[in-house]
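Structure file coords_21.pdb (PDB, C-alpha atoms, pLDDT in the B column) is printed below.
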ATOM      1  CA  MET A   1     -37.271   1.758  34.447  1.00 51.00           C
ATOM      2  CA  GLY A   2     -40.188  -0.342  33.271  1.00 54.00           C
ATOM      3  CA  VAL A   3     -41.680  -0.935  29.845  1.00 55.00           C
ATOM      4  CA  VAL A   4     -45.012   0.433  28.619  1.00 59.00           C
ATOM      5  CA  ARG A   5     -46.819  -1.517  25.950  1.00 62.00           C
ATOM      6  CA  HIS A   6     -50.271  -2.005  24.548  1.00 62.00           C
ATOM      7  CA  VAL A   7     -52.158  -5.288  24.359  1.00 56.00           C
ATOM      8  CA  ASP A   8     -51.371  -5.997  20.717  1.00 53.00           C
ATOM      9  CA  ASP A   9     -47.577  -5.932  21.140  1.00 46.00           C
ATOM     10  CA  ASN A  10     -46.277  -9.121  22.734  1.00 45.00           C
ATOM     11  CA  VAL A  11     -47.144 -11.971  25.044  1.00 44.00           C
ATOM     12  CA  VAL A  12     -47.318 -11.095  28.746  1.00 47.00           C
ATOM     13  CA  HIS A  13     -44.378 -12.363  30.808  1.00 47.00           C
ATOM     14  CA  MET A  14     -45.863 -13.529  34.087  1.00 47.00           C
ATOM     15  CA  SER A  15     -42.548 -13.500  35.996  1.00 58.00           C
ATOM     16  CA  LYS A  16     -42.425  -9.695  35.890  1.00 80.00           C
ATOM     17  CA  ARG A  17     -44.108  -7.240  38.239  1.00 88.00           C
ATOM     18  CA  GLN A  18     -46.765  -5.860  35.936  1.00 94.00           C
ATOM     19  CA  ILE A  19     -49.487  -3.253  36.229  1.00 96.00           C
ATOM     20  CA  LEU A  20     -52.530  -3.365  33.975  1.00 97.00           C
ATOM     21  CA  VAL A  21     -54.142  -0.051  33.000  1.00 97.00           C
ATOM     22  CA  VAL A  22     -57.626  -0.335  31.503  1.00 97.00           C
ATOM     23  CA  GLU A  23     -58.565   3.123  30.221  1.00 95.00           C
ATOM     24  CA  ASP A  24     -60.302   4.107  26.972  1.00 94.00           C
ATOM     25  CA  GLU A  25     -59.116   7.748  26.974  1.00 92.00           C
ATOM     26  CA  GLN A  26     -55.712   7.482  25.322  1.00 93.00           C
ATOM     27  CA  ASP A  27     -54.248  10.642  26.869  1.00 93.00           C
ATOM     28  CA  ILE A  28     -55.150   9.532  30.386  1.00 92.00           C
ATOM     29  CA  ALA A  29     -53.948   5.978  29.742  1.00 94.00           C
ATOM     30  CA  GLU A  30     -50.576   7.254  28.542  1.00 93.00           C
ATOM     31  CA  LEU A  31     -50.294   9.663  31.484  1.00 93.00           C
ATOM     32  CA  VAL A  32     -51.044   6.922  34.014  1.00 94.00           C
ATOM     33  CA  ALA A  33     -48.692   4.463  32.325  1.00 94.00           C
ATOM     34  CA  LEU A  34     -45.900   7.043  32.140  1.00 94.00           C
ATOM     35  CA  HIS A  35     -45.997   7.766  35.859  1.00 93.00           C
ATOM     36  CA  LEU A  36     -46.358   4.129  36.916  1.00 94.00           C
ATOM     37  CA  ASP A  37     -43.549   2.987  34.660  1.00 92.00           C
ATOM     38  CA  ASP A  38     -40.845   3.422  37.322  1.00 90.00           C
ATOM     39  CA  LEU A  39     -42.843   1.425  39.896  1.00 91.00           C
ATOM     40  CA  CYS A  40     -42.875  -1.878  38.042  1.00 91.00           C
ATOM     41  CA  ASP A  41     -41.217  -3.927  35.322  1.00 91.00           C
ATOM     42  CA  GLU A  42     -43.967  -3.358  32.793  1.00 94.00           C
ATOM     43  CA  VAL A  43     -47.190  -1.403  32.329  1.00 95.00           C
ATOM     44  CA  VAL A  44     -49.729  -3.035  30.013  1.00 96.00           C
ATOM     45  CA  VAL A  45     -52.482  -0.821  28.579  1.00 96.00           C
ATOM     46  CA  ALA A  46     -55.926  -1.941  27.353  1.00 96.00           C
ATOM     47  CA  HIS A  47     -58.221   0.619  25.720  1.00 95.00           C
ATOM     48  CA  ASP A  48     -61.609  -1.088  25.997  1.00 95.00           C
ATOM     49  CA  GLY A  49     -63.554  -3.394  28.249  1.00 95.00           C
ATOM     50  CA  HIS A  50     -63.160  -6.479  26.076  1.00 96.00           C
ATOM     51  CA  ASP A  51     -59.351  -6.460  26.134  1.00 96.00           C
ATOM     52  CA  GLY A  52     -59.438  -5.263  29.730  1.00 96.00           C
ATOM     53  CA  LEU A  53     -61.592  -8.174  30.897  1.00 96.00           C
ATOM     54  CA  ARG A  54     -59.502 -10.708  28.985  1.00 96.00           C
ATOM     55  CA  LEU A  55     -56.229  -9.433  30.414  1.00 96.00           C
ATOM     56  CA  ALA A  56     -57.514  -8.785  33.926  1.00 96.00           C
ATOM     57  CA  THR A  57     -58.544 -12.432  34.310  1.00 95.00           C
ATOM     58  CA  SER A  58     -55.536 -13.902  32.505  1.00 94.00           C
ATOM     59  CA  GLN A  59     -53.003 -13.682  35.355  1.00 93.00           C
ATOM     60  CA  ASP A  60     -52.139 -12.111  38.711  1.00 91.00           C
ATOM     61  CA  TRP A  61     -51.189  -8.450  38.364  1.00 94.00           C
ATOM     62  CA  ALA A  62     -49.333  -6.303  40.867  1.00 92.00           C
ATOM     63  CA  LEU A  63     -52.220  -3.864  40.352  1.00 94.00           C
ATOM     64  CA  ILE A  64     -55.097  -3.215  37.977  1.00 96.00           C
ATOM     65  CA  CYS A  65     -55.935   0.459  37.351  1.00 96.00           C
ATOM     66  CA  LEU A  66     -59.466   0.201  36.029  1.00 94.00           C
ATOM     67  CA  ASP A  67     -61.610   2.931  34.488  1.00 92.00           C
ATOM     68  CA  LEU A  68     -65.288   2.799  35.438  1.00 89.00           C
ATOM     69  CA  ARG A  69     -66.725   3.829  32.076  1.00 88.00           C
ATOM     70  CA  LEU A  70     -65.448   1.694  29.193  1.00 92.00           C
ATOM     71  CA  PRO A  71     -66.589   0.579  25.729  1.00 93.00           C
ATOM     72  CA  GLY A  72     -67.783  -3.015  26.051  1.00 93.00           C
ATOM     73  CA  PRO A  73     -67.798  -4.485  29.571  1.00 93.00           C
ATOM     74  CA  ASP A  74     -67.550  -1.589  32.006  1.00 91.00           C
ATOM     75  CA  GLY A  75     -65.284  -1.326  35.040  1.00 91.00           C
ATOM     76  CA  LEU A  76     -67.920  -2.638  37.441  1.00 90.00           C
ATOM     77  CA  GLU A  77     -68.440  -5.805  35.391  1.00 92.00           C
ATOM     78  CA  ILE A  78     -64.696  -6.363  35.063  1.00 94.00           C
ATOM     79  CA  CYS A  79     -64.205  -5.789  38.791  1.00 91.00           C
ATOM     80  CA  ARG A  80     -66.958  -8.270  39.709  1.00 89.00           C
ATOM     81  CA  THR A  81     -65.476 -10.916  37.416  1.00 93.00           C
ATOM     82  CA  VAL A  82     -61.944 -10.433  38.746  1.00 92.00           C
ATOM     83  CA  ARG A  83     -63.172 -10.609  42.347  1.00 86.00           C
ATOM     84  CA  ARG A  84     -64.900 -13.941  41.684  1.00 85.00           C
ATOM     85  CA  GLU A  85     -61.805 -15.474  40.109  1.00 86.00           C
ATOM     86  CA  ARG A  86     -58.960 -13.679  41.943  1.00 85.00           C
ATOM     87  CA  PRO A  87     -60.177 -12.347  45.314  1.00 77.00           C
ATOM     88  CA  TYR A  88     -56.748 -10.977  46.308  1.00 77.00           C
ATOM     89  CA  GLN A  89     -56.129  -9.017  43.130  1.00 87.00           C
ATOM     90  CA  PRO A  90     -55.520  -5.317  44.014  1.00 89.00           C
ATOM     91  CA  ILE A  91     -57.788  -2.991  42.011  1.00 91.00           C
ATOM     92  CA  LEU A  92     -57.662   0.803  41.846  1.00 91.00           C
ATOM     93  CA  MET A  93     -60.797   2.224  40.221  1.00 89.00           C
ATOM     94  CA  LEU A  94     -60.528   5.351  38.069  1.00 88.00           C
ATOM     95  CA  THR A  95     -63.744   7.264  37.470  1.00 81.00           C
ATOM     96  CA  SER A  96     -64.776  10.541  35.911  1.00 73.00           C
ATOM     97  CA  LYS A  97     -67.830  10.589  38.127  1.00 62.00           C
ATOM     98  CA  SER A  98     -67.551  12.444  41.420  1.00 60.00           C
ATOM     99  CA  SER A  99     -70.895  11.447  42.907  1.00 59.00           C
ATOM    100  CA  GLU A 100     -70.995   9.431  46.098  1.00 59.00           C
ATOM    101  CA  LEU A 101     -73.096   6.744  44.367  1.00 59.00           C
ATOM    102  CA  ASP A 102     -70.421   5.987  41.758  1.00 62.00           C
ATOM    103  CA  ARG A 103     -67.685   5.855  44.374  1.00 60.00           C
ATOM    104  CA  VAL A 104     -69.666   3.521  46.590  1.00 60.00           C
ATOM    105  CA  LEU A 105     -70.657   1.308  43.644  1.00 64.00           C
ATOM    106  CA  GLY A 106     -67.019   0.800  42.731  1.00 62.00           C
ATOM    107  CA  LEU A 107     -66.033  -0.065  46.290  1.00 65.00           C
ATOM    108  CA  GLU A 108     -69.039  -2.295  46.891  1.00 66.00           C
ATOM    109  CA  THR A 109     -68.192  -4.182  43.699  1.00 73.00           C
ATOM    110  CA  GLY A 110     -64.784  -4.985  45.134  1.00 73.00           C
ATOM    111  CA  ALA A 111     -62.348  -2.220  44.208  1.00 80.00           C
ATOM    112  CA  ASP A 112     -59.670  -1.672  46.856  1.00 79.00           C
ATOM    113  CA  ASP A 113     -59.597   2.046  46.251  1.00 81.00           C
ATOM    114  CA  TYR A 114     -60.657   4.731  43.785  1.00 81.00           C
ATOM    115  CA  LEU A 115     -59.509   8.007  42.268  1.00 85.00           C
ATOM    116  CA  THR A 116     -61.858  10.557  40.744  1.00 84.00           C
ATOM    117  CA  LYS A 117     -60.847  12.308  37.532  1.00 85.00           C
ATOM    118  CA  PRO A 118     -59.234  14.747  37.258  1.00 85.00           C
ATOM    119  CA  PHE A 119     -56.761  13.381  39.794  1.00 88.00           C
ATOM    120  CA  SER A 120     -53.354  14.489  40.948  1.00 89.00           C
ATOM    121  CA  VAL A 121     -50.499  12.469  39.458  1.00 90.00           C
ATOM    122  CA  LEU A 122     -48.710  12.683  42.808  1.00 90.00           C
ATOM    123  CA  GLU A 123     -51.745  11.208  44.529  1.00 88.00           C
ATOM    124  CA  LEU A 124     -52.007   8.424  41.952  1.00 91.00           C
ATOM    125  CA  VAL A 125     -48.363   7.478  42.483  1.00 92.00           C
ATOM    126  CA  ALA A 126     -48.778   7.616  46.272  1.00 88.00           C
ATOM    127  CA  ARG A 127     -51.780   5.285  46.133  1.00 85.00           C
ATOM    128  CA  VAL A 128     -49.985   2.807  43.895  1.00 90.00           C
ATOM    129  CA  ARG A 129     -46.842   2.890  46.046  1.00 89.00           C
ATOM    130  CA  ALA A 130     -48.972   2.084  49.111  1.00 83.00           C
ATOM    131  CA  ILE A 131     -50.547  -0.907  47.350  1.00 81.00           C
ATOM    132  CA  LEU A 132     -47.197  -2.228  46.132  1.00 84.00           C
ATOM    133  CA  ARG A 133     -45.697  -1.845  49.629  1.00 82.00           C
ATOM    134  CA  ARG A 134     -48.535  -3.953  50.983  1.00 75.00           C
ATOM    135  CA  ILE A 135     -47.820  -6.629  48.378  1.00 72.00           C
ATOM    136  CA  ASP A 136     -44.139  -6.674  49.351  1.00 74.00           C
ATOM    137  CA  THR A 137     -45.109  -7.006  53.019  1.00 69.00           C
ATOM    138  CA  LEU A 138     -47.367  -9.966  52.261  1.00 63.00           C
ATOM    139  CA  ARG A 139     -44.604 -11.697  50.317  1.00 63.00           C
ATOM    140  CA  SER A 140     -42.247 -11.300  53.258  1.00 63.00           C
ATOM    141  CA  LEU A 141     -44.594 -13.116  55.640  1.00 55.00           C
ATOM    142  CA  PRO A 142     -43.672 -16.690  56.717  1.00 54.00           C
ATOM    143  CA  GLY A 143     -44.735 -19.388  54.285  1.00 48.00           C
ATOM    144  CA  GLY A 144     -47.501 -21.896  54.751  1.00 41.00           C
ATOM    145  CA  ASP A 145     -45.134 -24.444  56.311  1.00 40.00           C
ATOM    146  CA  GLU A 146     -44.259 -22.196  59.255  1.00 41.00           C
ATOM    147  CA  PRO A 147     -45.841 -22.886  62.665  1.00 40.00           C
ATOM    148  CA  LYS A 148     -49.002 -20.900  63.358  1.00 43.00           C
ATOM    149  CA  THR A 149     -47.374 -18.807  66.071  1.00 48.00           C
ATOM    150  CA  ASN A 150     -48.999 -15.607  64.826  1.00 76.00           C
ATOM    151  CA  GLU A 151     -52.517 -17.000  64.556  1.00 85.00           C
ATOM    152  CA  ILE A 152     -55.190 -14.663  65.919  1.00 88.00           C
ATOM    153  CA  VAL A 153     -58.245 -16.072  67.681  1.00 88.00           C
ATOM    154  CA  ALA A 154     -61.049 -13.562  68.212  1.00 85.00           C
ATOM    155  CA  GLY A 155     -64.153 -15.289  69.526  1.00 85.00           C
ATOM    156  CA  GLU A 156     -65.432 -17.519  66.735  1.00 89.00           C
ATOM    157  CA  ILE A 157     -63.023 -15.988  64.200  1.00 91.00           C
ATOM    158  CA  THR A 158     -59.566 -17.460  63.549  1.00 91.00           C
ATOM    159  CA  ILE A 159     -57.130 -15.451  61.431  1.00 91.00           C
ATOM    160  CA  ASP A 160     -53.960 -16.992  59.993  1.00 89.00           C
ATOM    161  CA  PRO A 161     -51.837 -14.093  58.665  1.00 85.00           C
ATOM    162  CA  SER A 162     -49.176 -16.358  57.124  1.00 79.00           C
ATOM    163  CA  ARG A 163     -51.747 -18.176  54.987  1.00 80.00           C
ATOM    164  CA  ARG A 164     -54.062 -15.193  54.641  1.00 83.00           C
ATOM    165  CA  GLU A 165     -56.970 -17.377  55.776  1.00 88.00           C
ATOM    166  CA  VAL A 166     -59.987 -16.565  57.940  1.00 92.00           C
ATOM    167  CA  MET A 167     -62.241 -19.143  59.558  1.00 92.00           C
ATOM    168  CA  LEU A 168     -65.606 -18.285  61.105  1.00 92.00           C
ATOM    169  CA  GLU A 169     -67.289 -21.006  63.172  1.00 88.00           C
ATOM    170  CA  GLY A 170     -65.163 -23.572  61.353  1.00 85.00           C
ATOM    171  CA  HIS A 171     -65.989 -22.302  57.865  1.00 90.00           C
ATOM    172  CA  SER A 172     -63.660 -20.454  55.520  1.00 90.00           C
ATOM    173  CA  VAL A 173     -64.501 -16.796  54.869  1.00 92.00           C
ATOM    174  CA  ASP A 174     -63.704 -15.439  51.408  1.00 88.00           C
ATOM    175  CA  LEU A 175     -62.225 -11.962  51.890  1.00 87.00           C
ATOM    176  CA  THR A 176     -60.520  -9.606  49.489  1.00 82.00           C
ATOM    177  CA  ALA A 177     -56.961  -8.566  50.324  1.00 80.00           C
ATOM    178  CA  ARG A 178     -58.071  -5.231  51.753  1.00 84.00           C
ATOM    179  CA  GLU A 179     -60.893  -6.788  53.784  1.00 88.00           C
ATOM    180  CA  PHE A 180     -58.385  -9.240  55.260  1.00 90.00           C
ATOM    181  CA  ASP A 181     -55.966  -6.443  56.161  1.00 89.00           C
ATOM    182  CA  LEU A 182     -58.773  -4.466  57.774  1.00 92.00           C
ATOM    183  CA  LEU A 183     -60.021  -7.418  59.842  1.00 94.00           C
ATOM    184  CA  GLU A 184     -56.496  -8.344  60.937  1.00 92.00           C
ATOM    185  CA  HIS A 185     -55.787  -4.764  62.021  1.00 92.00           C
ATOM    186  CA  PHE A 186     -58.978  -4.634  64.073  1.00 94.00           C
ATOM    187  CA  ALA A 187     -58.387  -8.051  65.653  1.00 92.00           C
ATOM    188  CA  ARG A 188     -54.840  -7.144  66.683  1.00 90.00           C
ATOM    189  CA  ASN A 189     -56.189  -4.041  68.462  1.00 91.00           C
ATOM    190  CA  PRO A 190     -59.406  -5.151  70.212  1.00 90.00           C
ATOM    191  CA  GLY A 191     -61.315  -2.416  71.976  1.00 91.00           C
ATOM    192  CA  ARG A 192     -59.262   0.386  70.442  1.00 92.00           C
ATOM    193  CA  VAL A 193     -61.291   3.029  68.602  1.00 94.00           C
ATOM    194  CA  PHE A 194     -59.980   3.995  65.163  1.00 94.00           C
ATOM    195  CA  ARG A 195     -60.965   7.091  63.260  1.00 91.00           C
ATOM    196  CA  ARG A 196     -61.464   6.603  59.537  1.00 89.00           C
ATOM    197  CA  ALA A 197     -58.304   8.618  58.896  1.00 86.00           C
ATOM    198  CA  ASP A 198     -56.396   6.238  61.211  1.00 88.00           C
ATOM    199  CA  LEU A 199     -57.580   3.236  59.215  1.00 89.00           C
ATOM    200  CA  LEU A 200     -56.677   4.879  55.911  1.00 84.00           C
ATOM    201  CA  ASP A 201     -53.180   5.465  57.245  1.00 82.00           C
ATOM    202  CA  LYS A 202     -52.646   2.058  58.886  1.00 83.00           C
ATOM    203  CA  VAL A 203     -54.463  -0.260  56.472  1.00 84.00           C
ATOM    204  CA  TRP A 204     -54.396   1.589  53.156  1.00 79.00           C
ATOM    205  CA  GLY A 205     -50.987   3.134  53.727  1.00 73.00           C
ATOM    206  CA  TYR A 206     -51.965   6.753  53.220  1.00 66.00           C
ATOM    207  CA  GLY A 207     -54.283   9.372  54.650  1.00 60.00           C
ATOM    208  CA  HIS A 208     -56.291  11.766  52.528  1.00 58.00           C
ATOM    209  CA  GLU A 209     -59.157  13.994  53.534  1.00 56.00           C
ATOM    210  CA  GLY A 210     -62.418  13.184  51.774  1.00 57.00           C
ATOM    211  CA  TYR A 211     -61.824   9.451  51.273  1.00 65.00           C
ATOM    212  CA  GLU A 212     -63.627   8.227  54.377  1.00 73.00           C
ATOM    213  CA  HIS A 213     -66.189   6.549  52.106  1.00 75.00           C
ATOM    214  CA  THR A 214     -63.465   4.058  51.196  1.00 79.00           C
ATOM    215  CA  VAL A 215     -63.328   2.922  54.820  1.00 86.00           C
ATOM    216  CA  ASN A 216     -67.107   2.898  55.241  1.00 86.00           C
ATOM    217  CA  SER A 217     -67.674   0.733  52.179  1.00 85.00           C
ATOM    218  CA  HIS A 218     -65.023  -1.815  53.118  1.00 88.00           C
ATOM    219  CA  ILE A 219     -66.355  -2.096  56.661  1.00 93.00           C
ATOM    220  CA  ASN A 220     -69.874  -2.658  55.328  1.00 91.00           C
ATOM    221  CA  ARG A 221     -68.602  -5.410  53.042  1.00 89.00           C
ATOM    222  CA  LEU A 222     -66.593  -6.979  55.858  1.00 93.00           C
ATOM    223  CA  ARG A 223     -69.563  -6.898  58.221  1.00 94.00           C
ATOM    224  CA  ALA A 224     -71.695  -8.656  55.610  1.00 93.00           C
ATOM    225  CA  LYS A 225     -69.226 -11.557  55.733  1.00 93.00           C
ATOM    226  CA  ILE A 226     -68.489 -11.899  59.462  1.00 94.00           C
ATOM    227  CA  GLU A 227     -71.521 -10.579  61.354  1.00 93.00           C
ATOM    228  CA  ARG A 228     -74.577 -12.660  62.191  1.00 91.00           C
ATOM    229  CA  ASP A 229     -76.717  -9.588  61.472  1.00 93.00           C
ATOM    230  CA  PRO A 230     -74.772  -6.905  59.573  1.00 92.00           C
ATOM    231  CA  SER A 231     -77.444  -4.335  60.469  1.00 92.00           C
ATOM    232  CA  LYS A 232     -76.670  -4.962  64.156  1.00 93.00           C
ATOM    233  CA  PRO A 233     -72.905  -5.606  64.186  1.00 93.00           C
ATOM    234  CA  GLU A 234     -71.364  -7.206  67.270  1.00 92.00           C
ATOM    235  CA  ARG A 235     -67.739  -7.489  66.169  1.00 93.00           C
ATOM    236  CA  ILE A 236     -66.925  -4.310  64.244  1.00 95.00           C
ATOM    237  CA  VAL A 237     -68.830  -1.714  66.219  1.00 94.00           C
ATOM    238  CA  THR A 238     -69.505   1.889  65.257  1.00 94.00           C
ATOM    239  CA  VAL A 239     -68.482   4.456  67.842  1.00 93.00           C
ATOM    240  CA  TRP A 240     -70.742   7.310  66.823  1.00 91.00           C
ATOM    241  CA  GLY A 241     -68.966  10.549  66.057  1.00 89.00           C
ATOM    242  CA  VAL A 242     -65.543   8.903  66.261  1.00 91.00           C
ATOM    243  CA  GLY A 243     -65.044   5.772  64.163  1.00 92.00           C
ATOM    244  CA  TYR A 244     -64.970   2.000  64.662  1.00 95.00           C
ATOM    245  CA  LYS A 245     -63.633  -0.578  67.072  1.00 94.00           C
ATOM    246  CA  PHE A 246     -63.343  -4.354  67.267  1.00 94.00           C
ATOM    247  CA  SER A 247     -65.512  -5.515  70.153  1.00 87.00           C
ATOM    248  CA  SER A 248     -63.435  -6.238  73.247  1.00 60.00           C
ATOM    249  CA  GLU A 249     -65.525  -9.375  73.744  1.00 65.00           C
ATOM    250  CA  HIS A 250     -63.691 -10.854  70.761  1.00 50.00           C
ATOM    251  CA  ARG A 251     -60.099 -10.381  71.889  1.00 48.00           C
ATOM    252  CA  ALA A 252     -57.026 -11.522  69.987  1.00 46.00           C
ATOM    253  CA  ALA A 253     -55.260 -14.558  71.399  1.00 46.00           C
TER     254      ALA A 253
END
Exercise: express the given structure as C-alpha cells:
Amino acid sequence: MGVVRHVDDNVVHMSKRQILVVEDEQDIAELVALHLDDLCDEVVVAHDGHDGLRLATSQDWALICLDLRLPGPDGLEICRTVRRERPYQPILMLTSKSSELDRVLGLETGADDYLTKPFSVLELVARVRAILRRIDTLRSLPGGDEPKTNEIVAGEITIDPSRREVMLEGHSVDLTAREFDLLEHFARNPGRVFRRADLLDKVWGYGHEGYEHTVNSHINRLRAKIERDPSKPERIVTVWGVGYKFSSEHRAA
C-alpha cells in the first residue's frame, strides 16, 4: 500500500513511483488519492495551482492527475509548462466541465487523457492502470546501447522505439509519449484502417464509448508535427465514416 501526503509534509523521494494529484476540492482530492494509493508508492496532493506547478515541474512523476480549474495557475497553464519541460510526462486532466471545447482544450494543450466530473472511481482506476502499464512497457524496452534492430522507417520518418526518438527528414521531432505511441502503432500497421475505439484500446489501453475526441485531438496534434500540410494529411489519412490509417506509401521497414 502506498502513502498519501500533502505538499507541506516532507521532501519528495524521487526513487519512488509517485503520483501527483493537483485538485483544489479537498473531498475529490482525497477520493482520488485514496483510490490511487494502491497503484503506487506515494500519492502527493497539491490543493492549488501554485503548489501544483512547482511540484509538477520538480521531477518526473509516474502520473499527474491535474484539475482544469484551480486557484492560481490553472490546469491548462500547468500542462503547457510541463509539456515544454518534460514532454514524456503522463498527464490525466480532471475537469468539471463537460463541454467539447473544454475537453479539446485540455488535449490540445498536451494532456494524455481526461475525465469529466463526476467520474466513476472504477473508470479513474482503469485509466491510471493503463497509463502505468504503458510506463512499465517502456521501461522494459532495450536500452540505448542495443542495436537498432527494431527501427521503423516509414518514408521520410524514422522511429527508434528503444530510444523513443523520431526523425523527420533528418530532424528530430518532439512528440509527447502518447503521440509517439500513436505514431509507432500506425507505422507498424501501414495501410490498416483503425476505428477510434481500436486506437483507444491498442494505444491508450482501454476502450470507452464517448471518448473518441481523445483520439481526434491527438491525431490533429501529431499531424501538425509530421505532415507537410496538416490540413491535407498524406501520412495519417482519414477514412471517412470509419477511422484512420497510415498511408501505405509510407511502409514500415
Expand the PyMOL selection byres ((chain A and resi 60) around 12) into the explicit residue set it covers here, and present it as an mmCIF file with C-alpha atoms, in the coordinates of the input.
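New file expr.cif:
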data_model
loop_
_atom_site.group_PDB
_atom_site.id
_atom_site.type_symbol
_atom_site.label_atom_id
_atom_site.label_comp_id
_atom_site.auth_asym_id
_atom_site.auth_seq_id
_atom_site.Cartn_x
_atom_site.Cartn_y
_atom_site.Cartn_z
ATOM 1 C CA VAL A 12 -47.318 -11.095 28.746
ATOM 2 C CA HIS A 13 -44.378 -12.363 30.808
ATOM 3 C CA MET A 14 -45.863 -13.529 34.087
ATOM 4 C CA SER A 15 -42.548 -13.500 35.996
ATOM 5 C CA LYS A 16 -42.425 -9.695 35.890
ATOM 6 C CA ARG A 17 -44.108 -7.240 38.239
ATOM 7 C CA GLN A 18 -46.765 -5.860 35.936
ATOM 8 C CA ILE A 19 -49.487 -3.253 36.229
ATOM 9 C CA LEU A 20 -52.530 -3.365 33.975
ATOM 10 C CA LEU A 55 -56.229 -9.433 30.414
ATOM 11 C CA ALA A 56 -57.514 -8.785 33.926
ATOM 12 C CA THR A 57 -58.544 -12.432 34.310
ATOM 13 C CA SER A 58 -55.536 -13.902 32.505
ATOM 14 C CA GLN A 59 -53.003 -13.682 35.355
ATOM 15 C CA TRP A 61 -51.189 -8.450 38.364
ATOM 16 C CA ALA A 62 -49.333 -6.303 40.867
ATOM 17 C CA LEU A 63 -52.220 -3.864 40.352
ATOM 18 C CA ILE A 64 -55.097 -3.215 37.977
ATOM 19 C CA VAL A 82 -61.944 -10.433 38.746
ATOM 20 C CA ARG A 83 -63.172 -10.609 42.347
ATOM 21 C CA GLU A 85 -61.805 -15.474 40.109
ATOM 22 C CA ARG A 86 -58.960 -13.679 41.943
ATOM 23 C CA PRO A 87 -60.177 -12.347 45.314
ATOM 24 C CA TYR A 88 -56.748 -10.977 46.308
ATOM 25 C CA GLN A 89 -56.129 -9.017 43.130
ATOM 26 C CA PRO A 90 -55.520 -5.317 44.014
ATOM 27 C CA ILE A 91 -57.788 -2.991 42.011
ATOM 28 C CA ILE A 135 -47.820 -6.629 48.378
#
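Atom to atom, CA of Leu31 in chain A and CA of Asp74 in chain A stand 20.6 Å apart.
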Distance of CA of Cys79 in chain A from CA of Met93 in chain A, expressed in Å to one decimal place: 8.8 Å
Hits from the PyMOL selection byres ((chain A and resi 76) around 9), listed as a PyMOL selection string: chain A and resi 67-69+73-75+77-81+105-106+109-111
Could you list the residues chosen by the PyMOL selection byres ((chain A and resi 48) around 8) in this structure as a PDB file with C-alpha atoms, in the frame of the given file?
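Listing of part37.pdb after writing:
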ATOM      1  CA  VAL A  22     -57.626  -0.335  31.503  1.00 97.00           C
ATOM      2  CA  GLU A  23     -58.565   3.123  30.221  1.00 95.00           C
ATOM      3  CA  ASP A  24     -60.302   4.107  26.972  1.00 94.00           C
ATOM      4  CA  ALA A  46     -55.926  -1.941  27.353  1.00 96.00           C
ATOM      5  CA  HIS A  47     -58.221   0.619  25.720  1.00 95.00           C
ATOM      6  CA  GLY A  49     -63.554  -3.394  28.249  1.00 95.00           C
ATOM      7  CA  HIS A  50     -63.160  -6.479  26.076  1.00 96.00           C
ATOM      8  CA  ASP A  51     -59.351  -6.460  26.134  1.00 96.00           C
ATOM      9  CA  GLY A  52     -59.438  -5.263  29.730  1.00 96.00           C
ATOM     10  CA  LEU A  70     -65.448   1.694  29.193  1.00 92.00           C
ATOM     11  CA  PRO A  71     -66.589   0.579  25.729  1.00 93.00           C
ATOM     12  CA  GLY A  72     -67.783  -3.015  26.051  1.00 93.00           C
ATOM     13  CA  PRO A  73     -67.798  -4.485  29.571  1.00 93.00           C
TER      14      PRO A  73
END
Closest of A:Asp27, A:Leu175, A:Gly191, A:Gly205 to Ala224 in chain A - atom-to-atom distances counting all atoms listed in the file: A:Leu175
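Counting all atoms listed in the file and comparing A:Phe119, A:Phe246, A:Leu53, A:Thr95, the residue that lies closest to Asn189 in chain A is A:Phe246.
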Surrounding residues of Val242 in chain A excluding itself and chain neighbours under 2 positions, 10 Å, only C-alpha atoms, as number ranges by chain: A: 193-196, 238-240, 244-245
Distance in Å - CA of Trp204 in chain A versus CA of Ile219 in chain A: 13.0 Å
Which centre and which edge lengths, in Å to one decimal, describe the axis-aligned box that holds all listed atoms of range 44-57 of chain A after 3 Å is added on each side, as JSON?
{"center_x": -56.6, "center_y": -5.9, "center_z": 30.0, "size_x": 19.8, "size_y": 19.1, "size_z": 14.6}
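Distances from A:Glu30, A:Glu151, A:Asp198, A:Glu123 to Gly243 in chain A were compared using only C-alpha atoms, and the smallest one belongs to A:Asp198.
Using only C-alpha atoms, the shortest contact distance between Phe180 in chain A and any of A:Leu222, A:Ser162, A:Val237, A:Arg192 is found at A:Leu222.
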Distance query Val215 in chain A at most 9 Å, only C-alpha atoms, self and fewer than 5 positions along chain excluded, as a PyMOL selection string: chain A and resi 196-197+199-200+220
With C-alpha atoms kept, could you save the residues just selected as a compact mmCIF listing (two decimals), in the coordinates of the input?
# COMPACT_ATOMS: atom_id res chain seq x y z
CA ARG A 196 -61.46 6.60 59.54
CA ALA A 197 -58.30 8.62 58.90
CA LEU A 199 -57.58 3.24 59.22
CA LEU A 200 -56.68 4.88 55.91
CA ASN A 220 -69.87 -2.66 55.33
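Each of A:Met167, A:Leu122, A:Val32, A:Ala154 was checked against Ile236 in chain A using only C-alpha atoms; the smallest atom-to-atom distance is that of A:Ala154.
Environment of (-44.8, 6.4, 38.4): residues at most 6 Å away, judged by only C-alpha atoms, are His35, Leu36, Asp37, Asp38, Leu39 and Val125 of chain A.
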